[in-house]
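The file upload.txt contains compact mmCIF, C-alpha atoms:
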```txt
# COMPACT_ATOMS: atom_id res chain seq x y z
CA MET A 1083 46.07 28.33 36.36
CA ARG A 1084 45.95 31.37 34.13
CA PRO A 1085 42.38 32.50 33.20
CA ARG A 1086 41.44 32.48 29.47
CA ARG A 1087 41.07 35.79 27.72
CA ARG A 1088 37.51 36.70 26.75
CA LEU A 1089 36.52 38.50 23.57
CA ASN A 1090 35.34 42.02 24.34
CA LEU A 1091 32.16 42.61 22.34
CA GLY A 1092 31.22 45.80 24.11
CA LEU A 1093 28.64 44.00 26.20
CA PRO A 1094 28.23 44.93 29.83
CA ARG A 1095 30.56 42.84 31.89
CA GLY A 1096 29.05 40.58 34.48
CA LYS A 1097 30.52 39.59 37.72
CA GLY A 1098 31.08 35.90 37.02
CA PRO A 1099 34.00 34.45 35.10
CA GLU A 1100 31.62 32.89 32.41
CA THR A 1101 30.52 36.20 30.83
CA GLY A 1102 31.44 36.79 27.14
CA TYR A 1103 32.51 34.27 24.48
CA THR A 1104 35.87 32.89 23.56
CA LEU A 1105 37.11 33.10 19.97
CA VAL A 1106 36.76 29.33 19.59
CA GLU A 1107 33.11 29.47 20.67
CA MET A 1108 32.42 32.22 18.16
CA VAL A 1109 34.06 30.28 15.33
CA ILE A 1110 32.14 27.10 16.14
CA SER A 1111 28.82 28.94 16.30
CA LEU A 1112 29.55 30.63 12.98
CA LEU A 1113 30.38 27.29 11.40
CA LEU A 1114 27.11 25.83 12.66
CA LEU A 1115 25.24 28.83 11.29
CA VAL A 1116 26.91 28.40 7.89
CA LEU A 1117 26.00 24.70 7.90
CA VAL A 1118 22.34 25.39 8.66
CA VAL A 1119 22.14 28.13 6.03
CA GLU A 1120 23.78 25.83 3.48
CA ILE A 1121 21.26 23.05 4.16
CA ALA A 1122 18.38 25.51 3.93
CA ALA A 1123 19.68 26.85 0.61
CA GLN A 1124 20.05 23.33 -0.75
CA LEU A 1125 16.52 22.45 0.29
CA LEU A 1126 15.18 25.62 -1.28
CA GLY A 1127 16.99 24.90 -4.55
CA GLU A 1128 15.78 21.31 -4.70
CA THR A 1129 12.21 22.32 -3.91
CA GLN A 1130 12.29 24.85 -6.71
CA GLN A 1131 13.73 22.22 -9.06
CA MET A 1132 11.01 19.75 -8.15
CA LEU A 1133 8.33 22.35 -8.81
CA VAL A 1134 9.80 23.03 -12.24
CA ASP A 1135 9.96 19.29 -12.95
CA ALA A 1136 6.36 18.78 -11.86
CA GLY A 1137 5.23 21.66 -14.08
CA ARG A 1138 7.04 20.15 -17.06
CA GLU A 1139 5.68 16.66 -16.41
CA ALA A 1140 2.13 18.04 -16.26
CA LEU A 1141 2.50 18.98 -19.94
CA ASP A 1142 3.61 15.47 -20.95
CA PRO A 1143 1.23 13.37 -23.07
CA ALA A 1144 -0.95 10.97 -21.10
CA ALA A 1145 0.36 7.80 -22.74
CA ALA A 1146 -2.12 5.46 -21.08
CA LEU A 1147 -5.09 7.53 -22.29
CA VAL A 1148 -3.70 7.67 -25.83
CA ALA A 1149 -3.41 3.88 -25.88
CA VAL A 1150 -6.95 3.53 -24.54
CA ARG A 1151 -8.34 5.80 -27.29
CA LEU A 1152 -6.47 3.92 -30.02
CA ARG A 1153 -7.49 0.56 -28.59
CA ALA A 1154 -11.18 1.52 -28.43
CA ASP A 1155 -11.24 2.85 -31.99
CA ILE A 1156 -9.39 -0.12 -33.49
CA MET A 1157 -11.35 -2.77 -31.61
CA GLY A 1158 -14.61 -1.07 -32.58
CA ALA A 1159 -13.73 -0.93 -36.26
CA SER A 1160 -14.93 -3.49 -38.77
CA SER A 1161 -12.12 -2.89 -41.29
CA ALA A 1162 -9.02 -0.76 -41.61
CA ILE A 1163 -6.75 0.71 -44.25
CA ALA A 1164 -3.16 1.61 -43.43
CA MET A 1165 -1.62 3.91 -46.04
CA VAL A 1166 2.16 3.82 -45.88
CA LYS A 1167 4.51 6.49 -47.22
CA PRO A 1168 7.62 5.58 -49.24
CA ASP A 1169 9.73 5.96 -46.08
CA LEU A 1170 7.48 3.29 -44.45
CA SER A 1171 5.94 5.74 -42.01
CA CYS A 1172 2.17 5.90 -41.82
CA ALA A 1173 0.45 8.40 -44.09
CA TYR A 1174 -2.83 7.70 -42.33
CA LEU A 1175 -4.79 4.92 -40.68
CA GLU A 1176 -8.44 4.76 -41.69
CA LEU A 1177 -10.87 2.80 -39.52
CA PHE A 1178 -14.33 1.89 -40.79
CA GLY A 1179 -17.37 0.84 -38.83
CA ASN A 1180 -17.87 3.92 -36.68
CA PRO A 1181 -21.52 5.08 -37.03
CA PRO A 1182 -20.82 8.75 -37.93
CA GLY A 1183 -18.14 7.85 -40.47
CA PRO A 1184 -14.57 6.64 -40.86
CA ILE A 1185 -11.93 7.64 -38.33
CA PHE A 1186 -8.54 8.85 -39.56
CA TYR A 1187 -5.33 8.88 -37.54
CA GLN A 1188 -2.41 10.77 -38.99
CA LEU A 1189 0.78 12.42 -37.83
CA ALA A 1190 1.30 16.00 -38.94
CA ALA A 1191 3.67 18.63 -37.56
CA GLY A 1192 4.56 16.57 -34.51
CA THR A 1193 0.95 15.93 -33.55
CA LEU A 1194 -1.07 12.75 -33.90
CA THR A 1195 -4.61 13.79 -34.77
CA ARG A 1196 -7.86 11.85 -34.85
CA THR A 1197 -10.43 12.98 -37.39
CA VAL A 1198 -13.97 11.69 -37.81
CA ALA A 1199 -15.30 12.24 -41.32
CA ALA A 1200 -18.69 11.82 -42.94
CA GLY A 1201 -19.25 11.99 -46.65
CA GLY A 1202 -15.65 13.01 -47.23
CA VAL A 1203 -16.01 16.03 -44.94
CA PRO A 1204 -14.17 16.15 -41.58
CA LEU A 1205 -16.67 16.43 -38.74
CA VAL A 1206 -14.47 16.45 -35.67
CA SER A 1207 -10.71 16.67 -35.41
CA SER A 1208 -8.86 16.36 -32.11
CA VAL A 1209 -5.27 16.09 -30.98
CA VAL A 1210 -4.51 12.66 -29.53
CA LEU A 1211 -0.78 12.92 -28.92
CA ARG A 1212 1.45 15.98 -28.80
CA ASP A 1213 5.21 15.84 -29.29
CA ALA A 1214 4.86 12.72 -31.43
CA THR A 1215 7.95 11.95 -33.49
CA ALA A 1216 6.95 8.85 -35.47
CA PHE A 1217 3.85 6.87 -36.40
CA HIS A 1218 3.86 3.51 -38.16
CA CYS A 1219 0.83 1.46 -39.07
CA VAL A 1220 0.40 -1.88 -40.83
CA THR A 1221 -2.56 -4.21 -41.23
CA SER A 1222 -2.18 -7.94 -41.48
CA SER A 1223 -4.50 -10.88 -41.98
CA VAL A 1224 -3.76 -14.58 -41.98
CA GLY A 1225 -5.95 -15.53 -44.87
CA GLY A 1226 -5.58 -12.41 -46.98
CA ALA A 1227 -8.26 -9.78 -47.52
CA THR A 1228 -11.16 -12.20 -47.14
CA GLY A 1229 -9.54 -14.53 -44.62
CA GLY A 1230 -9.25 -14.39 -40.84
CA PRO A 1231 -9.49 -11.39 -38.58
CA THR A 1232 -7.43 -8.33 -39.51
CA VAL A 1233 -4.70 -7.29 -37.11
CA VAL A 1234 -3.54 -3.67 -36.89
CA LEU A 1235 0.08 -3.15 -35.87
CA LEU A 1236 0.80 0.34 -34.58
CA ALA A 1237 4.05 1.84 -33.38
CA TYR A 1238 4.46 5.43 -32.32
CA ARG A 1239 7.07 7.55 -30.61
CA TYR A 1240 6.74 10.68 -28.54
CA ARG A 1241 8.81 12.87 -26.26
CA ARG A 1242 8.28 13.25 -22.55
CA SER A 1243 10.15 14.71 -19.58
CA ARG A 1244 13.02 12.65 -18.31
CA THR A 1245 12.84 11.69 -14.66
CA ARG A 1246 15.76 13.10 -12.71
CA ARG A 1247 18.02 10.43 -11.29
CA SER A 1248 18.81 12.54 -8.25
CA PRO A 1249 17.14 15.56 -6.72
CA LEU A 1250 20.55 16.96 -5.82
CA MET A 1251 21.84 19.95 -7.73
CA LEU A 1252 24.49 18.38 -9.94
CA MET A 1253 27.31 19.89 -11.93
CA PRO A 1254 26.20 21.00 -15.42
CA ALA A 1255 28.49 18.39 -16.98
CA LEU A 1256 26.42 15.66 -15.31
CA TRP A 1257 23.04 16.95 -16.50
CA ALA A 1258 21.10 14.56 -18.70
CA PRO A 1259 18.86 15.89 -21.51
CA PRO A 1260 15.61 17.15 -19.98
CA ARG A 1261 13.48 15.09 -22.37
CA GLU A 1262 13.52 11.51 -23.58
CA GLU A 1263 11.88 9.69 -26.46
CA VAL A 1264 9.48 6.85 -25.75
CA ARG A 1265 8.25 4.25 -28.22
CA GLU A 1266 5.07 2.27 -27.80
CA SER A 1267 3.54 -0.51 -29.88
CA LEU A 1268 0.01 -1.84 -30.13
CA ILE A 1269 -1.15 -4.95 -31.92
CA LEU A 1270 -4.93 -5.23 -31.98
CA THR A 1271 -7.57 -7.25 -33.77
CA LEU A 1272 -10.56 -5.53 -35.33
CA ARG A 1273 -13.77 -6.66 -33.69
CA GLY A 1274 -16.39 -4.41 -35.23
CA ALA A 1275 -17.51 -7.09 -37.67
CA GLY A 1276 -16.99 -9.92 -35.18
CA LEU A 1277 -14.13 -12.35 -35.02
CA GLY A 1278 -15.90 -15.27 -36.65
CA THR A 1279 -14.83 -18.48 -34.94
CA ALA A 1280 -11.68 -16.94 -33.47
CA TRP A 1281 -12.92 -14.77 -30.64
CA MET B 1083 20.97 16.85 19.10
CA ALA B 1084 18.98 19.14 16.82
CA LEU B 1085 21.55 18.59 14.09
CA TRP B 1086 21.21 14.83 14.40
CA ILE B 1087 17.43 15.05 14.10
CA LEU B 1088 17.80 17.31 11.06
CA LEU B 1089 20.27 14.89 9.48
CA VAL B 1090 18.00 11.89 9.96
CA ALA B 1091 15.02 13.84 8.56
CA LEU B 1092 17.03 14.89 5.50
CA LEU B 1093 18.23 11.37 4.82
CA SER B 1094 14.69 9.98 5.14
CA GLY B 1095 13.34 12.63 2.79
CA MET B 1096 16.13 11.94 0.31
CA ALA B 1097 15.29 8.22 0.28
CA LEU B 1098 11.66 9.03 -0.49
CA VAL B 1099 12.50 11.47 -3.28
CA MET B 1100 14.97 9.08 -4.89
CA GLN B 1101 12.21 6.49 -5.25
CA GLN B 1102 10.66 8.52 -8.06
CA PRO B 1103 12.81 7.26 -10.97
CA ARG B 1104 12.35 3.70 -9.72
CA VAL B 1105 8.57 4.15 -9.60
CA VAL B 1106 8.47 5.61 -13.14
CA ARG B 1107 10.53 2.73 -14.56
CA ARG B 1108 8.40 0.17 -12.73
CA ILE B 1109 5.18 1.65 -14.15
CA ASP B 1110 6.73 1.76 -17.64
CA ALA B 1111 7.84 -1.87 -17.39
CA GLU B 1112 4.43 -2.98 -16.17
CA ARG B 1113 2.68 -1.12 -19.00
CA GLN B 1114 5.05 -2.70 -21.50
CA ALA B 1115 4.51 -6.19 -20.07
CA VAL B 1116 0.74 -5.81 -20.31
CA ALA B 1117 1.06 -4.48 -23.87
CA VAL B 1118 3.18 -7.46 -24.93
CA MET B 1119 0.75 -9.90 -23.37
CA GLU B 1120 -2.02 -8.11 -25.26
CA TRP B 1121 -0.04 -8.53 -28.54
CA THR B 1122 0.29 -12.21 -27.84
CA LEU B 1123 -3.40 -12.68 -27.20
CA GLU B 1124 -4.44 -10.64 -30.22
CA GLU B 1125 -2.13 -12.54 -32.52
CA MET B 1126 -3.37 -15.84 -31.09
CA ARG B 1127 -6.95 -14.76 -31.72
CA ALA B 1128 -6.09 -13.76 -35.27
CA GLY B 1129 -4.22 -17.02 -35.83
CA LEU B 1130 -0.87 -15.33 -36.53
CA ILE B 1131 0.80 -17.40 -33.79
CA PRO B 1132 -0.31 -20.90 -32.77
CA LEU B 1133 -2.62 -21.44 -29.83
CA GLN B 1134 -0.34 -23.62 -27.71
CA SER B 1135 1.54 -23.64 -24.41
CA THR B 1136 5.10 -22.35 -24.44
CA PRO B 1137 7.61 -21.23 -21.76
CA ASP B 1138 8.48 -18.15 -23.83
CA VAL B 1139 6.73 -16.71 -26.85
CA GLY B 1140 10.07 -15.31 -28.05
CA TRP B 1141 9.27 -11.66 -28.63
CA THR B 1142 12.22 -9.37 -29.10
CA VAL B 1143 11.09 -6.33 -27.18
CA SER B 1144 12.98 -3.06 -27.21
CA SER B 1145 12.92 -0.65 -24.32
CA PHE B 1146 10.17 1.93 -23.94
CA VAL B 1147 12.78 4.67 -23.68
CA VAL B 1148 14.86 5.07 -26.82
CA GLY B 1149 18.51 4.37 -26.05
CA SER B 1150 17.89 2.32 -22.91
CA PRO B 1151 18.82 -1.37 -22.71
CA ALA B 1152 16.14 -3.83 -23.80
CA PRO B 1153 14.14 -5.42 -20.98
CA ASP B 1154 14.48 -9.12 -20.19
CA LEU B 1155 10.78 -9.68 -20.72
CA LYS B 1156 9.59 -13.24 -21.18
CA VAL B 1157 5.97 -14.22 -21.76
CA ALA B 1158 4.90 -17.77 -20.96
CA VAL B 1159 1.63 -19.19 -22.27
CA VAL B 1160 -0.45 -22.00 -20.83
CA VAL B 1161 -3.40 -23.24 -22.89
CA VAL B 1162 -5.89 -25.53 -21.20
CA PRO B 1163 -9.00 -26.93 -22.96
CA GLY B 1164 -12.22 -25.74 -21.37
CA ALA B 1165 -15.35 -27.70 -20.56
CA THR B 1166 -16.92 -26.80 -23.91
CA PRO B 1167 -15.31 -28.25 -27.04
CA GLY B 1168 -13.45 -25.55 -28.96
CA LEU B 1169 -13.11 -23.26 -25.94
CA TYR B 1170 -9.66 -22.83 -24.40
CA GLN B 1171 -8.53 -21.12 -21.23
CA VAL B 1172 -5.34 -19.16 -21.93
CA SER B 1173 -3.06 -17.87 -19.16
CA LEU B 1174 -0.16 -15.57 -19.93
CA THR B 1175 2.56 -14.77 -17.43
CA ALA B 1176 5.08 -12.00 -18.07
CA ARG B 1177 8.32 -12.04 -16.08
CA TYR B 1178 10.69 -9.06 -16.12
CA THR B 1179 13.26 -7.27 -14.02
CA VAL B 1180 13.26 -3.64 -12.90
CA TYR B 1181 16.40 -2.41 -11.13
CA GLY B 1182 17.29 -5.95 -10.13
CA GLN B 1183 13.84 -6.77 -8.78
CA ARG B 1184 12.02 -9.70 -10.43
CA LEU B 1185 8.41 -8.85 -11.21
CA ARG B 1186 5.51 -10.81 -12.65
CA ARG B 1187 2.18 -9.97 -14.26
CA ARG B 1188 -0.53 -12.43 -15.21
CA LEU B 1189 -3.38 -12.24 -17.68
CA GLN B 1190 -6.12 -14.79 -18.26
CA THR B 1191 -8.69 -15.05 -21.00
CA MET B 1192 -10.62 -17.58 -23.07
CA ILE B 1193 -10.30 -18.17 -26.79
CA TRP B 1194 -12.79 -19.90 -29.04
CA ARG B 1195 -11.11 -21.98 -31.74
CA GLN B 1196 -13.25 -24.57 -33.43
CA GLY B 1197 -11.19 -27.49 -34.62
CA GLY B 1198 -7.90 -25.61 -34.34
CA GLY B 1199 -6.76 -26.01 -30.77
CA PRO B 1200 -3.37 -26.82 -29.30
CA PRO B 1201 -1.63 -29.94 -30.55
```
Structure encoded using structure tokens:
Amino acid sequence: MRPRRRLNLGLPRGKGPETGYTLVEMVISLLLLVLVVEIAAQLLGETQQMLVDAGREALDPAAALVAVRLRADIMGASSAIAMVKPDLSCAYLELFGNPPGPIFYQLAAGTLTRTVAAGGVPLVSSVVLRDATAFHCVTSSVGGATGGPTVVLLAYRYRRSRTRRSPLMLMPALWAPPREEVRESLILTLRGAGLGTAW
Amino acid sequence: MALWILLVALLSGMALVMQQPRVVRRIDAERQAVAVMEWTLEEMRAGLIPLQSTPDVGWTVSSFVVGSPAPDLKVAVVVVPGATPGLYQVSLTARYTVYGQRLRRRLQTMIWRQGGGPP
């Protein structure tokens, strides 16, 4: 049998027949190296993408906390006035019964703000929800103004980061918008003045 | 051998990472189910909807995420008179599906309704 030719890499020749590498061995080892480097690059890219996603999600509004704040203020109020604009969006929601003074919720410049006023002067104003896109408020009562408990119906929308369907690096044509719009609704009964016989 | 181990590790990691969208949707759906049950209770307290047992309240609920299909959320109500006259034990059960998985949330409370209980 004729011996295989070995690739001469300038290495010192040994005595045995197994010294050196064949061309096939070199090609296979190079392919394996390329595969490992490719996997490492993919992992690096995905890790970077996940870090960017996590950073973006950290800036998203805390929806659960917003709902808790709204719920506490509405349930604690004894009466409410919902002023509606001609386009049926909410000009402001005014809640009475808070000891320092009435609480106002209004959407301005993409931000839902909560303002506590006393004597017609704003005392404290804080941002409740950033990236808000819509705010609707309505009050309703079964027996009219002097009837049963008043119900406040709230609906608001805001933008948040969209969760990636796959961590893989996809073609640009398959990218979804990085943000999505979320709508939430709350229907709550005012309890500040008690619920009468309907608690 | 090393390549096989690497492959298995990558596939396991991928499965974990791909759970994230599912987890987000499940939390959203749960929050929405609780919110709808809260609506139901508040409207019952205010007298906007009757205080009575029903297999489905009949809310038309749109998805949390604008543009997504509406969830198949159904809220069942069971009203049972309590020991005290005028006091009712109300149990609400929300049933919904997230990625093909049937889920259920339950909420219980008591409502005081003098002379205006379930038929």
What's around region 1232-1235 of chain A at 12 Å? Count all atoms listed in the file, leave out sequence neighbours fewer than 4 positions away in its own chain, and write the answer as JSON, numbers by chain. {"A": [1152, 1153, 1155, 1156, 1157, 1159, 1160, 1161, 1162, 1163, 1164, 1172, 1175, 1176, 1177, 1217, 1218, 1219, 1220, 1221, 1222, 1223, 1224, 1225, 1226, 1227, 1228, 1266, 1267, 1268, 1269, 1270, 1271, 1272, 1273, 1274, 1275, 1276, 1277, 1278, 1280], "B": [1120, 1121, 1122, 1123, 1124, 1125, 1126, 1127, 1128, 1129, 1130, 1131]}
Please produce a file of the residues just selected, as a compact mmCIF listing (two decimals), in the coordinates of the input, where the atoms kept are C-alpha atoms.
```txt
# COMPACT_ATOMS: atom_id res chain seq x y z
CA LEU A 1152 -6.47 3.92 -30.02
CA ARG A 1153 -7.49 0.56 -28.59
CA ASP A 1155 -11.24 2.85 -31.99
CA ILE A 1156 -9.39 -0.12 -33.49
CA MET A 1157 -11.35 -2.77 -31.61
CA ALA A 1159 -13.73 -0.93 -36.26
CA SER A 1160 -14.93 -3.49 -38.77
CA SER A 1161 -12.12 -2.89 -41.29
CA ALA A 1162 -9.02 -0.76 -41.61
CA ILE A 1163 -6.75 0.71 -44.25
CA ALA A 1164 -3.16 1.61 -43.43
CA CYS A 1172 2.17 5.90 -41.82
CA LEU A 1175 -4.79 4.92 -40.68
CA GLU A 1176 -8.44 4.76 -41.69
CA LEU A 1177 -10.87 2.80 -39.52
CA PHE A 1217 3.85 6.87 -36.40
CA HIS A 1218 3.86 3.51 -38.16
CA CYS A 1219 0.83 1.46 -39.07
CA VAL A 1220 0.40 -1.88 -40.83
CA THR A 1221 -2.56 -4.21 -41.23
CA SER A 1222 -2.18 -7.94 -41.48
CA SER A 1223 -4.50 -10.88 -41.98
CA VAL A 1224 -3.76 -14.58 -41.98
CA GLY A 1225 -5.95 -15.53 -44.87
CA GLY A 1226 -5.58 -12.41 -46.98
CA ALA A 1227 -8.26 -9.78 -47.52
CA THR A 1228 -11.16 -12.20 -47.14
CA GLU A 1266 5.07 2.27 -27.80
CA SER A 1267 3.54 -0.51 -29.88
CA LEU A 1268 0.01 -1.84 -30.13
CA ILE A 1269 -1.15 -4.95 -31.92
CA LEU A 1270 -4.93 -5.23 -31.98
CA THR A 1271 -7.57 -7.25 -33.77
CA LEU A 1272 -10.56 -5.53 -35.33
CA ARG A 1273 -13.77 -6.66 -33.69
CA GLY A 1274 -16.39 -4.41 -35.23
CA ALA A 1275 -17.51 -7.09 -37.67
CA GLY A 1276 -16.99 -9.92 -35.18
CA LEU A 1277 -14.13 -12.35 -35.02
CA GLY A 1278 -15.90 -15.27 -36.65
CA ALA A 1280 -11.68 -16.94 -33.47
CA GLU B 1120 -2.02 -8.11 -25.26
CA TRP B 1121 -0.04 -8.53 -28.54
CA THR B 1122 0.29 -12.21 -27.84
CA LEU B 1123 -3.40 -12.68 -27.20
CA GLU B 1124 -4.44 -10.64 -30.22
CA GLU B 1125 -2.13 -12.54 -32.52
CA MET B 1126 -3.37 -15.84 -31.09
CA ARG B 1127 -6.95 -14.76 -31.72
CA ALA B 1128 -6.09 -13.76 -35.27
CA GLY B 1129 -4.22 -17.02 -35.83
CA LEU B 1130 -0.87 -15.33 -36.53
CA ILE B 1131 0.80 -17.40 -33.79
```
Considering only C-alpha atoms, give me a table of residues in chain B that are at most 10 Å from chain A, with the closest atom pair and distance in Å for each, as a Markdown table.
```
| residue | atom | partner | partner_atom | distance |
| --- | --- | --- | --- | --- |
| B:Leu1085 | CA | A:Val1118 | CA | 8.7 |
| B:Leu1088 | CA | A:Val1118 | CA | 9.6 |
| B:Leu1089 | CA | A:Ile1121 | CA | 9.8 |
| B:Leu1092 | CA | A:Leu1125 | CA | 9.2 |
| B:Met1096 | CA | A:Pro1249 | CA | 8.0 |
| B:Val1099 | CA | A:Pro1249 | CA | 7.1 |
| B:Met1100 | CA | A:Ser1248 | CA | 6.2 |
| B:Gln1101 | CA | A:Arg1247 | CA | 9.3 |
| B:Gln1102 | CA | A:Thr1245 | CA | 7.6 |
| B:Pro1103 | CA | A:Thr1245 | CA | 5.8 |
| B:Arg1104 | CA | A:Arg1247 | CA | 8.9 |
| B:Val1106 | CA | A:Thr1245 | CA | 7.6 |
| B:Arg1107 | CA | A:Thr1245 | CA | 9.3 |
| B:Asp1110 | CA | A:Val1264 | CA | 10.0 |
| B:Arg1113 | CA | A:Ala1146 | CA | 8.4 |
| B:Gln1114 | CA | A:Glu1266 | CA | 8.0 |
| B:Ala1117 | CA | A:Leu1268 | CA | 6.9 |
| B:Val1118 | CA | A:Leu1268 | CA | 8.3 |
| B:Glu1120 | CA | A:Ile1269 | CA | 7.4 |
| B:Trp1121 | CA | A:Ile1269 | CA | 5.0 |
| B:Thr1122 | CA | A:Ile1269 | CA | 8.5 |
| B:Leu1123 | CA | A:Leu1270 | CA | 9.0 |
| B:Glu1124 | CA | A:Leu1270 | CA | 5.7 |
| B:Glu1125 | CA | A:Val1233 | CA | 7.4 |
| B:Met1126 | CA | A:Ala1280 | CA | 8.7 |
| B:Arg1127 | CA | A:Ala1280 | CA | 5.5 |
| B:Ala1128 | CA | A:Pro1231 | CA | 5.3 |
| B:Gly1129 | CA | A:Val1224 | CA | 6.6 |
| B:Leu1130 | CA | A:Val1224 | CA | 6.2 |
| B:Ile1131 | CA | A:Val1224 | CA | 9.8 |
| B:Val1143 | CA | A:Ser1267 | CA | 9.9 |
| B:Ser1144 | CA | A:Arg1265 | CA | 8.8 |
| B:Ser1145 | CA | A:Arg1265 | CA | 7.8 |
| B:Phe1146 | CA | A:Arg1265 | CA | 5.2 |
| B:Val1147 | CA | A:Val1264 | CA | 4.5 |
| B:Val1148 | CA | A:Glu1263 | CA | 5.5 |
| B:Gly1149 | CA | A:Glu1263 | CA | 8.5 |
| B:Ser1150 | CA | A:Val1264 | CA | 10.0 |
| B:Gly1168 | CA | A:Thr1279 | CA | 9.4 |
| B:Leu1169 | CA | A:Trp1281 | CA | 9.7 |
| B:Met1192 | CA | A:Trp1281 | CA | 8.4 |
| B:Ile1193 | CA | A:Trp1281 | CA | 5.8 |
| B:Trp1194 | CA | A:Trp1281 | CA | 5.4 |
| B:Arg1195 | CA | A:Ala1280 | CA | 5.4 |
| B:Gln1196 | CA | A:Thr1279 | CA | 6.5 |
| B:Gly1197 | CA | A:Thr1279 | CA | 9.7 |
| B:Gly1198 | CA | A:Ala1280 | CA | 9.5 |
```
Interatomic distance, CA of Leu1170 (chain A) to CA of Thr1215 (chain A) (Å, one decimal): 14.0 Å
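Counting from CA of Met1251 (chain A), the distance to CA of Val1116 (chain A) is 18.5 Å.
Across A:Gly1158, A:Gly1192, A:Ala1214, A:Asn1180, the tightest approach to Ala1237 (chain A) is made by A:Ala1214 when counting all atoms listed in the file.
Here CA of Arg1188 (chain B) and CA of Pro1167 (chain B) stand 24.7 Å from one another.
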Can I get region 1248-1253 of chain A with all heavy atoms filled in, as a short mmCIF file (atom, residue, chain, number, x, y, z; two decimals), in the coordinates of the input?
```cif
data_model
loop_
_atom_site.label_atom_id
_atom_site.label_comp_id
_atom_site.auth_asym_id
_atom_site.auth_seq_id
_atom_site.Cartn_x
_atom_site.Cartn_y
_atom_site.Cartn_z
N SER A 1248 18.55 12.08 -9.61
CA SER A 1248 18.81 12.54 -8.25
C SER A 1248 18.23 13.93 -8.08
O SER A 1248 18.30 14.74 -9.00
CB SER A 1248 20.32 12.56 -8.00
OG SER A 1248 20.58 13.33 -6.85
N PRO A 1249 17.66 14.21 -6.94
CA PRO A 1249 17.14 15.56 -6.72
C PRO A 1249 18.25 16.56 -6.39
O PRO A 1249 18.00 17.75 -6.31
CB PRO A 1249 16.21 15.38 -5.52
CG PRO A 1249 16.79 14.24 -4.77
CD PRO A 1249 17.42 13.33 -5.78
N LEU A 1250 19.45 16.06 -6.18
CA LEU A 1250 20.55 16.96 -5.82
C LEU A 1250 20.92 17.85 -7.01
O LEU A 1250 20.76 17.48 -8.16
CB LEU A 1250 21.78 16.14 -5.42
CG LEU A 1250 21.62 15.31 -4.16
CD1 LEU A 1250 22.86 14.47 -3.94
CD2 LEU A 1250 21.39 16.21 -2.97
N MET A 1251 21.40 19.03 -6.68
CA MET A 1251 21.84 19.95 -7.73
C MET A 1251 23.22 19.48 -8.21
O MET A 1251 24.19 19.56 -7.46
CB MET A 1251 21.87 21.37 -7.19
CG MET A 1251 20.49 21.91 -6.93
SD MET A 1251 20.47 23.62 -6.46
CE MET A 1251 20.95 23.50 -4.76
N LEU A 1252 23.25 18.97 -9.43
CA LEU A 1252 24.49 18.38 -9.94
C LEU A 1252 25.25 19.40 -10.77
O LEU A 1252 24.73 20.45 -11.15
CB LEU A 1252 24.17 17.16 -10.81
CG LEU A 1252 23.40 16.04 -10.13
CD1 LEU A 1252 22.99 14.99 -11.15
CD2 LEU A 1252 24.24 15.41 -9.05
N MET A 1253 26.50 19.05 -11.06
CA MET A 1253 27.31 19.89 -11.93
C MET A 1253 26.71 19.86 -13.34
O MET A 1253 26.18 18.84 -13.77
CB MET A 1253 28.74 19.35 -12.00
CG MET A 1253 29.47 19.35 -10.68
SD MET A 1253 29.88 21.01 -10.18
CE MET A 1253 31.19 21.38 -11.32
#
```
